[in-house]
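See below for the structure under consideration.
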Amino acid sequence: MLKLVGSLRPAAALFRTSAAQPSACLATGPQQEHRTFYEFRTYNIRPDQNAAFLKLTNEKIHLRTAHSELIGYWSVEYGGLNQVFHIWKYDSYSQRAAVRAALAQDPSWVSEYISKAIPMLTSQDNEVTYLVPWSQLKSPPQEGGVYELASLQMRPGGPAVWGSTFQASVASRDAPGYGKLLGAFHSEFGLLNRVHALWWFESADHRAEIRHKAHTDARVVAAVRNNVVHLDSQRNQLMLPCPFSPMK
C-alpha cells in the first residue's frame with residue numbers, strides 16, 4: 001500500500017502543475033503597457049438646435065481645452081443625424097477625475113457653456129478606449145478631407161481570439177492607394193469586445209472609390225473574410241471635422 005501511495009505522489013504533483021498552467025492562458029490579449037487612454041464621447045443634439053450647439057461649442061471650446069487635451073471633434077454626416085463625436089486624451093483615471101472636478105468648479109465653463117449646451121442635447125454617451133498595442137495615434141496627411149469611424153462589435157473572447165485577424169483586416173487597407181489609418185482602439189468601459197478604426201480620406205467620393213477597389217483586391221477580401229467570422233456587428237460613420245478640431 002505504501003508503495004502505491006508513493007507511486008501516486010509524482011502523478012499528483014503533475015496534476016497540480018497542469019492545473020496551474022491554464023491560469024497563464026486566461027489573458028484575453030496583450031497586456032496594456034501604458035496608462036494613457038482615450039475617452040470617446042457622442043452627443044445627440046436636438047434637431048432644431050444643431051447649428052446653435054456647434055456655434056456655441058466653436059466659441060467656448062477653449063474653456064474646455066484649458067483643462068485637458070482634445071484629439072478631435074467631428075460632426076457626423078452619415079451614420080447618425082444631429083450628432084457630434086469627440087475624443088479626449090488622459091494620462092490616467094486620476095487625471096480625468098481631477099479634470100472633471102476642476103470643470104465643475106470653473107464658473108466660466110458652467111455659466112457660459114454647460115448651462116446653455118445641455119438643454120440643446122437629447123443624450124450623451126461615452127466609452128473609454130486604449131490604442132491597440134500595434135497602433136499609434138497619427139495625424140492626417142493634410143487638412144480637409146473626411147473621417148470614418150468603423151466600430152466593430154466582436155464576439156466574446158477578447159484579442160486572444162480575434163486580435164490577429166482584426167489586425168490583419170485593418171493592415172490590409174492601411175496601405176498605399178487606400179485610406180490613412182489614424183488609430184485603432186479597443187474598449188475598456190462601454191460595450192466590451194469592441195474595436196474601432198479611425199480613417200482619413202480626401203473626400204467622401206474618394207472613400208467610395210477605395211471601397212469599390214477593396215472589393216476586388218484579393219488580399220483585402222481574404223483578410224476581411226478571416227475576421228468576419230469573429231464579428232457580431234459593425235457600424236460605420238462618416239464625419240466632418242469641426243473648425244476648432246485639432247484633427248482637421
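A note on labels: chains of the C-alpha cells are A, B, ... as shown, every chain counts residues from 1, and ligands are counted from 1 in their shown order.
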
Find the residues around Val99 of chain A up to 10 Å (only C-alpha atoms counted), leave out those fewer than 2 positions away in its own chain, and share them as an NGL selection string. :A and (64 or 66-68 or 90 or 93-97 or 101-105)

Which polymer residues have any atom within 7 Å of an atom of segment 195-203 of chain A, counting only C-alpha atoms, with same-chain residues fewer than 4 positions away left out, as a ChimeraX atom specification? /A:140,145-153,179-187,207

Same residues, all heavy atoms, saved as a short mmCIF file (atom, residue, chain, number, x, y, z; two decimals), in the first residue's frame:
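Saved as part00.cif:
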data_model
loop_
_atom_site.label_atom_id
_atom_site.label_comp_id
_atom_site.auth_asym_id
_atom_site.auth_seq_id
_atom_site.Cartn_x
_atom_site.Cartn_y
_atom_site.Cartn_z
N PRO A 140 -3.64 63.34 -39.66
CA PRO A 140 -3.99 63.18 -41.08
C PRO A 140 -2.89 63.76 -41.96
O PRO A 140 -2.16 64.66 -41.54
CB PRO A 140 -5.30 63.96 -41.21
CG PRO A 140 -5.28 64.93 -40.07
CD PRO A 140 -4.56 64.24 -38.96
N GLY A 145 -10.63 67.00 -45.96
CA GLY A 145 -10.95 65.59 -46.06
C GLY A 145 -12.05 65.19 -45.11
O GLY A 145 -12.65 66.02 -44.40
N VAL A 146 -12.33 63.90 -45.08
CA VAL A 146 -13.38 63.36 -44.22
C VAL A 146 -12.79 62.22 -43.39
O VAL A 146 -11.74 61.66 -43.73
CB VAL A 146 -14.58 62.85 -45.05
CG1 VAL A 146 -15.20 63.98 -45.85
CG2 VAL A 146 -14.16 61.70 -45.97
N TYR A 147 -13.48 61.90 -42.31
CA TYR A 147 -13.03 60.86 -41.39
C TYR A 147 -14.10 59.78 -41.30
O TYR A 147 -15.30 60.08 -41.32
CB TYR A 147 -12.77 61.44 -40.00
CG TYR A 147 -11.64 62.43 -39.94
CD1 TYR A 147 -11.77 63.71 -40.47
CD2 TYR A 147 -10.43 62.09 -39.34
CE1 TYR A 147 -10.73 64.63 -40.41
CE2 TYR A 147 -9.38 63.00 -39.27
CZ TYR A 147 -9.54 64.26 -39.81
OH TYR A 147 -8.50 65.17 -39.75
N GLU A 148 -13.64 58.56 -41.17
CA GLU A 148 -14.57 57.45 -40.97
C GLU A 148 -14.22 56.74 -39.68
O GLU A 148 -13.06 56.39 -39.44
CB GLU A 148 -14.50 56.45 -42.13
CG GLU A 148 -15.45 55.27 -41.95
CD GLU A 148 -15.37 54.25 -43.07
OE1 GLU A 148 -14.41 54.31 -43.87
OE2 GLU A 148 -16.25 53.37 -43.13
N LEU A 149 -15.24 56.53 -38.84
CA LEU A 149 -15.07 55.73 -37.64
C LEU A 149 -15.78 54.41 -37.88
O LEU A 149 -17.01 54.37 -37.98
CB LEU A 149 -15.65 56.43 -36.42
CG LEU A 149 -15.49 55.67 -35.09
CD1 LEU A 149 -14.01 55.63 -34.69
CD2 LEU A 149 -16.33 56.29 -33.99
N ALA A 150 -15.00 53.34 -38.01
CA ALA A 150 -15.55 51.99 -38.18
C ALA A 150 -15.51 51.30 -36.82
O ALA A 150 -14.43 51.11 -36.25
CB ALA A 150 -14.73 51.21 -39.20
N SER A 151 -16.68 50.97 -36.30
CA SER A 151 -16.80 50.35 -34.98
C SER A 151 -17.28 48.92 -35.14
O SER A 151 -18.36 48.67 -35.69
CB SER A 151 -17.78 51.15 -34.11
OG SER A 151 -17.36 52.48 -33.97
N LEU A 152 -16.48 47.98 -34.66
CA LEU A 152 -16.78 46.56 -34.82
C LEU A 152 -17.05 45.92 -33.46
O LEU A 152 -16.23 46.02 -32.54
CB LEU A 152 -15.61 45.82 -35.49
CG LEU A 152 -15.36 46.08 -36.97
CD1 LEU A 152 -14.79 47.48 -37.20
CD2 LEU A 152 -14.40 45.04 -37.52
N GLN A 153 -18.22 45.31 -33.34
CA GLN A 153 -18.55 44.55 -32.14
C GLN A 153 -18.14 43.11 -32.38
O GLN A 153 -18.77 42.38 -33.14
CB GLN A 153 -20.05 44.64 -31.83
CG GLN A 153 -20.46 43.98 -30.52
CD GLN A 153 -19.79 44.63 -29.32
OE1 GLN A 153 -19.79 45.85 -29.18
NE2 GLN A 153 -19.21 43.81 -28.44
N GLY A 179 -7.12 54.27 -47.69
CA GLY A 179 -7.26 55.36 -46.73
C GLY A 179 -6.09 55.40 -45.77
O GLY A 179 -5.23 54.50 -45.76
N LYS A 180 -6.05 56.41 -44.94
CA LYS A 180 -4.99 56.59 -43.95
C LYS A 180 -5.53 56.22 -42.58
O LYS A 180 -6.46 56.85 -42.08
CB LYS A 180 -4.51 58.04 -43.96
CG LYS A 180 -3.48 58.37 -42.90
CD LYS A 180 -2.13 57.75 -43.19
CE LYS A 180 -1.08 58.23 -42.21
NZ LYS A 180 0.25 57.63 -42.46
N LEU A 181 -4.95 55.19 -41.97
CA LEU A 181 -5.34 54.80 -40.62
C LEU A 181 -4.73 55.76 -39.61
O LEU A 181 -3.51 55.93 -39.58
CB LEU A 181 -4.89 53.37 -40.32
CG LEU A 181 -5.21 52.86 -38.91
CD1 LEU A 181 -6.72 52.69 -38.73
CD2 LEU A 181 -4.48 51.54 -38.64
N LEU A 182 -5.57 56.38 -38.79
CA LEU A 182 -5.09 57.32 -37.77
C LEU A 182 -5.00 56.70 -36.39
O LEU A 182 -4.31 57.21 -35.53
CB LEU A 182 -6.01 58.55 -37.73
CG LEU A 182 -6.17 59.31 -39.05
CD1 LEU A 182 -7.06 60.52 -38.86
CD2 LEU A 182 -4.81 59.72 -39.61
N GLY A 183 -5.70 55.60 -36.19
CA GLY A 183 -5.63 54.93 -34.90
C GLY A 183 -6.60 53.77 -34.83
O GLY A 183 -7.68 53.82 -35.42
N ALA A 184 -6.20 52.71 -34.12
CA ALA A 184 -7.08 51.56 -33.86
C ALA A 184 -7.19 51.42 -32.35
O ALA A 184 -6.18 51.43 -31.63
CB ALA A 184 -6.52 50.29 -34.49
N PHE A 185 -8.41 51.28 -31.86
CA PHE A 185 -8.69 51.31 -30.43
C PHE A 185 -9.51 50.10 -30.00
O PHE A 185 -10.25 49.53 -30.80
CB PHE A 185 -9.50 52.57 -30.08
CG PHE A 185 -8.91 53.87 -30.56
CD1 PHE A 185 -9.09 54.29 -31.87
CD2 PHE A 185 -8.20 54.69 -29.69
CE1 PHE A 185 -8.56 55.50 -32.31
CE2 PHE A 185 -7.66 55.90 -30.12
CZ PHE A 185 -7.84 56.29 -31.44
N HIS A 186 -9.37 49.73 -28.72
CA HIS A 186 -10.25 48.70 -28.17
C HIS A 186 -10.89 49.24 -26.89
O HIS A 186 -10.32 50.07 -26.18
CB HIS A 186 -9.50 47.39 -27.89
CG HIS A 186 -8.47 47.48 -26.80
ND1 HIS A 186 -8.74 47.24 -25.48
CD2 HIS A 186 -7.15 47.80 -26.85
CE1 HIS A 186 -7.65 47.38 -24.75
NE2 HIS A 186 -6.66 47.73 -25.56
N SER A 187 -12.08 48.78 -26.60
CA SER A 187 -12.87 49.33 -25.49
C SER A 187 -12.43 48.77 -24.15
O SER A 187 -12.05 47.60 -24.03
CB SER A 187 -14.35 49.05 -25.71
OG SER A 187 -14.59 47.65 -25.72
N ARG A 207 -13.43 57.99 -50.62
CA ARG A 207 -13.71 56.82 -49.78
C ARG A 207 -14.53 55.79 -50.55
O ARG A 207 -14.28 54.59 -50.46
CB ARG A 207 -14.44 57.27 -48.51
CG ARG A 207 -14.59 56.18 -47.46
CD ARG A 207 -15.97 55.55 -47.53
NE ARG A 207 -16.13 54.54 -46.52
CZ ARG A 207 -17.13 53.66 -46.53
NH1 ARG A 207 -18.03 53.68 -47.49
NH2 ARG A 207 -17.23 52.75 -45.57
#

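Using only C-alpha atoms, the shortest contact distance between Val128 of chain A and any of A:Arg194, A:Arg46, A:Arg100, A:Lys213 is found at A:Arg194.
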
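For the residues A:Gln83, A:Asn193, A:Leu63, A:Val76, ranking by smallest atom-to-atom distance to Thr122 of chain A using only C-alpha atoms places A:Gln83 first.
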
From atom CA of Glu77 of chain A to atom CA of Ser135 of chain A the spacing works out at 25.9 Å

Identify, on the basis of only C-alpha atoms, every residue whose closest approach to Val224 of chain A does not exceed 9 Å; exclude the query and any residue fewer than 3 positions from it along the same chain; express the result as a list in words.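 Within the cut-off, the hits are Thr165, Phe166, Ala168, Ser169, Val170, Ser172, Arg219, Val220, Val221, Asn227 and Val228 of chain A.
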
Could you save the residues just selected, with N, CA and C atoms, as a short mmCIF file (atom, residue, chain, number, x, y, z; two decimals), in the first residue's frame?
data_model
loop_
_atom_site.label_atom_id
_atom_site.label_comp_id
_atom_site.auth_asym_id
_atom_site.auth_seq_id
_atom_site.Cartn_x
_atom_site.Cartn_y
_atom_site.Cartn_z
N THR A 165 -6.71 38.51 -36.40
CA THR A 165 -7.49 38.68 -37.63
C THR A 165 -7.97 40.11 -37.79
N PHE A 166 -8.27 40.77 -36.67
CA PHE A 166 -8.64 42.19 -36.74
C PHE A 166 -7.46 43.01 -37.24
N ALA A 168 -4.94 42.02 -39.07
CA ALA A 168 -4.69 41.73 -40.48
C ALA A 168 -5.71 42.41 -41.38
N SER A 169 -6.96 42.46 -40.92
CA SER A 169 -8.01 43.11 -41.71
C SER A 169 -7.73 44.60 -41.86
N VAL A 170 -7.33 45.24 -40.76
CA VAL A 170 -7.02 46.67 -40.80
C VAL A 170 -5.76 46.92 -41.63
N SER A 172 -4.52 45.31 -44.04
CA SER A 172 -4.70 45.10 -45.47
C SER A 172 -5.16 46.35 -46.19
N ARG A 219 -6.30 40.31 -51.65
CA ARG A 219 -5.60 40.38 -50.36
C ARG A 219 -6.52 40.94 -49.27
N VAL A 220 -7.26 42.01 -49.59
CA VAL A 220 -8.18 42.61 -48.63
C VAL A 220 -9.36 41.70 -48.37
N VAL A 221 -9.92 41.13 -49.43
CA VAL A 221 -11.07 40.24 -49.29
C VAL A 221 -10.75 39.07 -48.37
N ASN A 227 -11.62 37.74 -40.68
CA ASN A 227 -12.03 38.49 -39.49
C ASN A 227 -13.53 38.41 -39.24
N VAL A 228 -14.31 38.31 -40.30
CA VAL A 228 -15.77 38.42 -40.16
C VAL A 228 -16.36 37.26 -39.36
#

What's around Phe53 of chain A at 12 Å? Count only C-alpha atoms, leave out sequence neighbours fewer than 6 positions away in its own chain, and write the answer as a PyMOL selection string. chain A and resi 43-47+59-61+75+82-84+113-122+242

Name the closest residue to Gly177 of chain A among the candidates A:Glu209, A:Gly144, A:Asn50, A:Trp88; distances are taken between atoms, counting only C-alpha atoms. A:Glu209

Rank A:Leu191, A:Thr129, A:Lys89, A:Arg173 by their smallest atom-to-atom distance to Ala222 of chain A, using only C-alpha atoms, and report the top residue only. A:Arg173

From the DSSP assignment of the backbone, select every residue of segment 3-248 of chain A that is strand (DSSP E or B), and format the answer as a ChimeraX atom specification. /A:37-45,69-78,83-90,121-131,146-154,180-189,194-201,231-241

Name the residues of segment 13-162 of chain A that come out as helix (DSSP H, G or I) in a backbone DSSP run; write them as a ChimeraX atom specification. /A:13-25,47-65,93-104,107-120,159-162

Let me make sure I understand: among A:Leu54, A:Ile71, A:Ala171, A:Met154, which one has the smallest atom-to-atom distance to Pro243 of chain A if we use only C-alpha atoms?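 That would be A:Leu54, the residue with the smallest distance to Pro243 of chain A.
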
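Counting only C-alpha atoms and comparing A:Arg235, A:Trp134, A:Trp109, A:Gln124, the residue that lies closest to Thr42 of chain A is A:Gln124.
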
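Interatomic distance, atom CA of Trp74 of chain A against atom CA of Ser245 of chain A: 7.2 Å.
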
Using only C-alpha atoms, which protein or nucleic acid residues come within 10 Å of Trp162 of chain A? Drop anything in the same chain fewer than 2 positions from it, and give the result as a PyMOL selection string. chain A and resi 28-29+154-160+164-167+193+226-231

Once you have the residues from the selection above, write them out as a tab-separated table (two decimals), in the first residue's frame, restricted to N, CA and C atoms.
chain	number	residue	atom	x	y	z
A	28	THR	N	-6.81	37.71	-22.22
A	28	THR	CA	-7.52	37.76	-23.49
A	28	THR	C	-6.75	38.50	-24.56
A	29	GLY	N	-5.51	38.89	-24.27
A	29	GLY	CA	-4.71	39.57	-25.27
A	29	GLY	C	-3.50	40.21	-24.61
A	154	MET	N	-17.05	42.70	-31.70
A	154	MET	CA	-16.52	41.36	-31.89
A	154	MET	C	-17.19	40.39	-30.92
A	155	ARG	N	-17.07	39.12	-31.21
A	155	ARG	CA	-17.65	38.11	-30.34
A	155	ARG	C	-16.82	37.98	-29.06
A	156	PRO	N	-17.43	37.54	-27.95
A	156	PRO	CA	-16.70	37.42	-26.69
A	156	PRO	C	-15.47	36.52	-26.85
A	157	GLY	N	-14.45	36.85	-26.09
A	157	GLY	CA	-13.20	36.09	-26.14
A	157	GLY	C	-11.99	36.98	-26.10
A	158	GLY	N	-12.15	38.22	-26.57
A	158	GLY	CA	-11.05	39.17	-26.50
A	158	GLY	C	-10.02	38.98	-27.59
A	159	PRO	N	-8.98	39.83	-27.57
A	159	PRO	CA	-7.94	39.80	-28.60
A	159	PRO	C	-7.22	38.47	-28.74
A	160	ALA	N	-7.23	37.65	-27.69
A	160	ALA	CA	-6.59	36.34	-27.82
A	160	ALA	C	-7.29	35.49	-28.87
A	164	SER	N	-5.57	38.92	-33.88
A	164	SER	CA	-4.69	38.81	-35.06
A	164	SER	C	-5.47	39.00	-36.35
A	165	THR	N	-6.71	38.51	-36.40
A	165	THR	CA	-7.49	38.68	-37.63
A	165	THR	C	-7.97	40.11	-37.79
A	166	PHE	N	-8.27	40.77	-36.67
A	166	PHE	CA	-8.64	42.19	-36.74
A	166	PHE	C	-7.46	43.01	-37.24
A	167	GLN	N	-6.28	42.74	-36.69
A	167	GLN	CA	-5.07	43.47	-37.13
A	167	GLN	C	-4.81	43.25	-38.62
A	193	ASN	N	-15.37	43.95	-25.94
A	193	ASN	CA	-15.08	43.27	-27.21
A	193	ASN	C	-15.45	44.15	-28.40
A	226	ASN	N	-11.49	36.40	-43.06
A	226	ASN	CA	-10.94	35.75	-41.87
A	226	ASN	C	-11.40	36.43	-40.59
A	227	ASN	N	-11.62	37.74	-40.68
A	227	ASN	CA	-12.03	38.49	-39.49
A	227	ASN	C	-13.53	38.41	-39.24
A	228	VAL	N	-14.31	38.31	-40.30
A	228	VAL	CA	-15.77	38.42	-40.16
A	228	VAL	C	-16.36	37.26	-39.36
A	229	VAL	N	-15.65	36.14	-39.28
A	229	VAL	CA	-16.17	35.01	-38.51
A	229	VAL	C	-16.22	35.34	-37.01
A	230	HIS	N	-15.46	36.35	-36.60
A	230	HIS	CA	-15.45	36.76	-35.19
A	230	HIS	C	-16.32	37.99	-34.94
A	231	LEU	N	-17.02	38.45	-35.96
A	231	LEU	CA	-17.74	39.72	-35.90
A	231	LEU	C	-19.22	39.50	-35.64

Mind pulling up the distance from atom CA of Glu127 of chain A to atom CA of Gly190 of chain A? 5.0 Å
